[in-house]
Amino acid sequence: MDFLFIALQRFRLLSLTIAWVASVVSILLAEPSGPVAAAGAYAFGLFILLTIARLRWDSLVILSVLAGATWFLVGAVPGPEDILAGGERVLIFAALIPTMALVRATAMTMPSVHATQQRLARLPENAFAGGQQLAAHVFGGIINTGAFALLSAVLPSNALEARRRASAEAVIRGMVSSSAWSPFFIAFAIGQTFVDPVYAWMAIAIGAVSAALFTIVTLLVLTRGFGPVELRQSLACLGPVASRLAIVLASVLAVALLFGLTALSAVVVVMPLLVQLFRHRGKARLILSQTRDAMHSTADDLVVITAAMLVAFFATQDGGLASLVAGIYPGQFPGWLALVATPVLMMALSVVGIHPVITSTALLATFSGGGADVHPALLVQAHLIGWGAGTMSSIASLSVLTCAGLYQVPARRLVLGHNMASGFAYAAGCGGLLVLANFALGHV
C-alpha cells in the first residue's frame, strides 16, 4: 500500500512538472494553443484528478460551491474541445505556483537574505513591528507567503504574546498589501486574464500608489513610536537584498517589454533563470527538495484557483453569466459601483470564509469587457486591493493560518484584531480613490 501511495505521489508530481515545462515552452514558442499547450493541459488535468482525493475539507467545500455555480451558470455541458480550450487557458497556473515555490526555496538559502534577517533581529522594540511590516511587504512581493517563515525566525523566542501578535499582524499587513503591485501573486494572474496586457501593467503602477498609501497610514496609526528614525533603521535592514530585488523586477519588466509578454508569462520564464544566478553554491539539492515539497503542499490552492477560473471561462463562453446579469440589471453597471463593490465584497465575504478567488472571478467576469463603465486598469486594481484586504483578516486565509502557527498566536485573535478594521478601511478607502480616478478619466 505504501509503495502504491508513493508511486501515485511521484506520478502526480511528474504530471505537474510536465505541465509546468509545457507552459513555459508554449510561452517561448508564442503558441498559447497547439500541441505543446494541449499536452500541458492534459498533464495538468491528470494532476488535478490525482489530487482531488487528497484535498482538504475546506477545498472540497469550495469545489462544491463552484460545481453548483457551474450547473447554474453554464447551460450545456462543455464538450472535449471546450474543456481543452479551458485547460490551455489555465495552464499558466501550472507554471506559476511551482515557479514561486522554486523562488521561495532559493531565497531561504541566500546569504543576503540571512544578513537581512540578522539586521531585523537587532531592531529596537519600537521599530520592530514596523520593520517587520516593511520587510514583509518587500519580500512578500517576490516570495509571497514564504516571507512569513523568513520573518518569524527573527522574533525572540521569549517574546511576550502582545509582541508576537503585533508582529504577526504587521507581517500579514505587509505581505498581503504587496499584492496590489506584485506580478508574482495568484491574484494578479487571475486579474490579468480579464483585461488586455497593457491594462495589467497599468494596474501594477497604480498598485504601487495604493500599497504605499496603505503602508504609510497603517505605520502611523498602528505602530506606536514609529517615526523617521525607525523608518531609516528598518529600510537599512533591507540593504543586503535591495540590489537583487531590483534585478528581479527589472528583469521581469525588461523581458516582458522586449518580447511582448504579459507580466505573468515574464515571471514564469525569467525567474527559473534568475534562480540559477542567485542560488547559493552547494544548495541545489536542498532547493529542489523544498520546491518538490511545496508543489505537494500547495496542491489545494492550485486546484481551487484552477477550478474557479474554469467556471468563469465556461460561464463567459456559454453566455450564462451575461444572461443572469442582464436579468438582474439590463444596462451597464456604473463604474463607481464596480470599483467599490469589488474590494468591499471580497473583503466582507472573506471574513466569513468565502475564498477571494470565488468572489473575484464572479465580479471580474461581471464588470469586465464593458459590463461596467470602468477603466480596465482600475478594475484590476480594485480586484488586487480586495484580494489583499480579504486575505488580511479571514479565518480561511492561508496568511492568517500560517502566521498563527509561526508566531504562536490564536488565529481568532489575528482575525478579530487590528487587521479586520485595516482591511475594511483599505478596501473602502482605496476603492473610493479609484472611483475618483475613474471619474477623472471620463467614466461614471
# chains A, B, ... in the order shown; residues from 1 in each chain; ligands from 1

call {"tool": "residues_around", "arguments": {"residues": "stretch 90-102 of chain A", "least_positions_apart": "2", "cutoff": "8 Å", "atoms": "only C-alpha atoms", "output": "PyMOL selection string"}}
result
chain A and resi 16+19-21+23-24+37+40-41+44+86-88+104-106+143+184+186+189+264-265+267-268+271-272+275+287-288+290-291+294-295+298+302+306+309-310

call {"tool": "residues_around", "arguments": {"residues": "A:Phe313", "least_positions_apart": "4", "cutoff": "9 Å", "atoms": "only C-alpha atoms", "output": "PyMOL selection string"}}
result
chain A and resi 86+89+308-309+317-318+365

call {"tool": "residues_around", "arguments": {"residues": "A:Ala127", "least_positions_apart": "4", "cutoff": "10 Å", "atoms": "only C-alpha atoms", "output": "list in words"}}
result
Leu120, Arg122, Leu123, Gly131, Gln132, Thr223, Arg224, Gly225, Phe226, Gly227, Val229, Glu230, Leu231, Arg232, Gln233 and Ser234 of chain A

call {"tool": "write_last_selection", "arguments": {"atoms": "C-alpha atoms", "output": "CSV table (one decimal), in the first residue's frame"}}
result
chain,number,residue,atom,x,y,z
A,120,LEU,CA,15.9,42.9,11.5
A,122,ARG,CA,18.6,43.8,16.0
A,123,LEU,CA,16.0,46.4,15.5
A,131,GLY,CA,10.3,46.9,10.3
A,132,GLN,CA,8.6,43.5,10.0
A,223,THR,CA,2.7,51.2,15.1
A,224,ARG,CA,3.4,53.3,18.2
A,225,GLY,CA,6.7,55.2,18.3
A,226,PHE,CA,7.5,54.5,14.6
A,227,GLY,CA,8.9,57.7,13.2
A,229,VAL,CA,14.4,57.4,12.7
A,230,GLU,CA,12.7,54.0,12.9
A,231,LEU,CA,11.8,54.1,9.2
A,232,ARG,CA,15.5,54.6,8.3
A,233,GLN,CA,16.6,51.8,10.6
A,234,SER,CA,14.0,49.4,9.0

call {"tool": "atom_distance", "arguments": {"atom1": "atom CA of A:Thr193", "atom2": "atom CA of A:Ala263"}}
result
11.2 Å

call {"tool": "closest_residue", "arguments": {"among": "A:Trp336, A:Gln381, A:Pro343, A:Gly371", "to": "A:Asn438", "atoms": "only C-alpha atoms"}}
result
A:Trp336
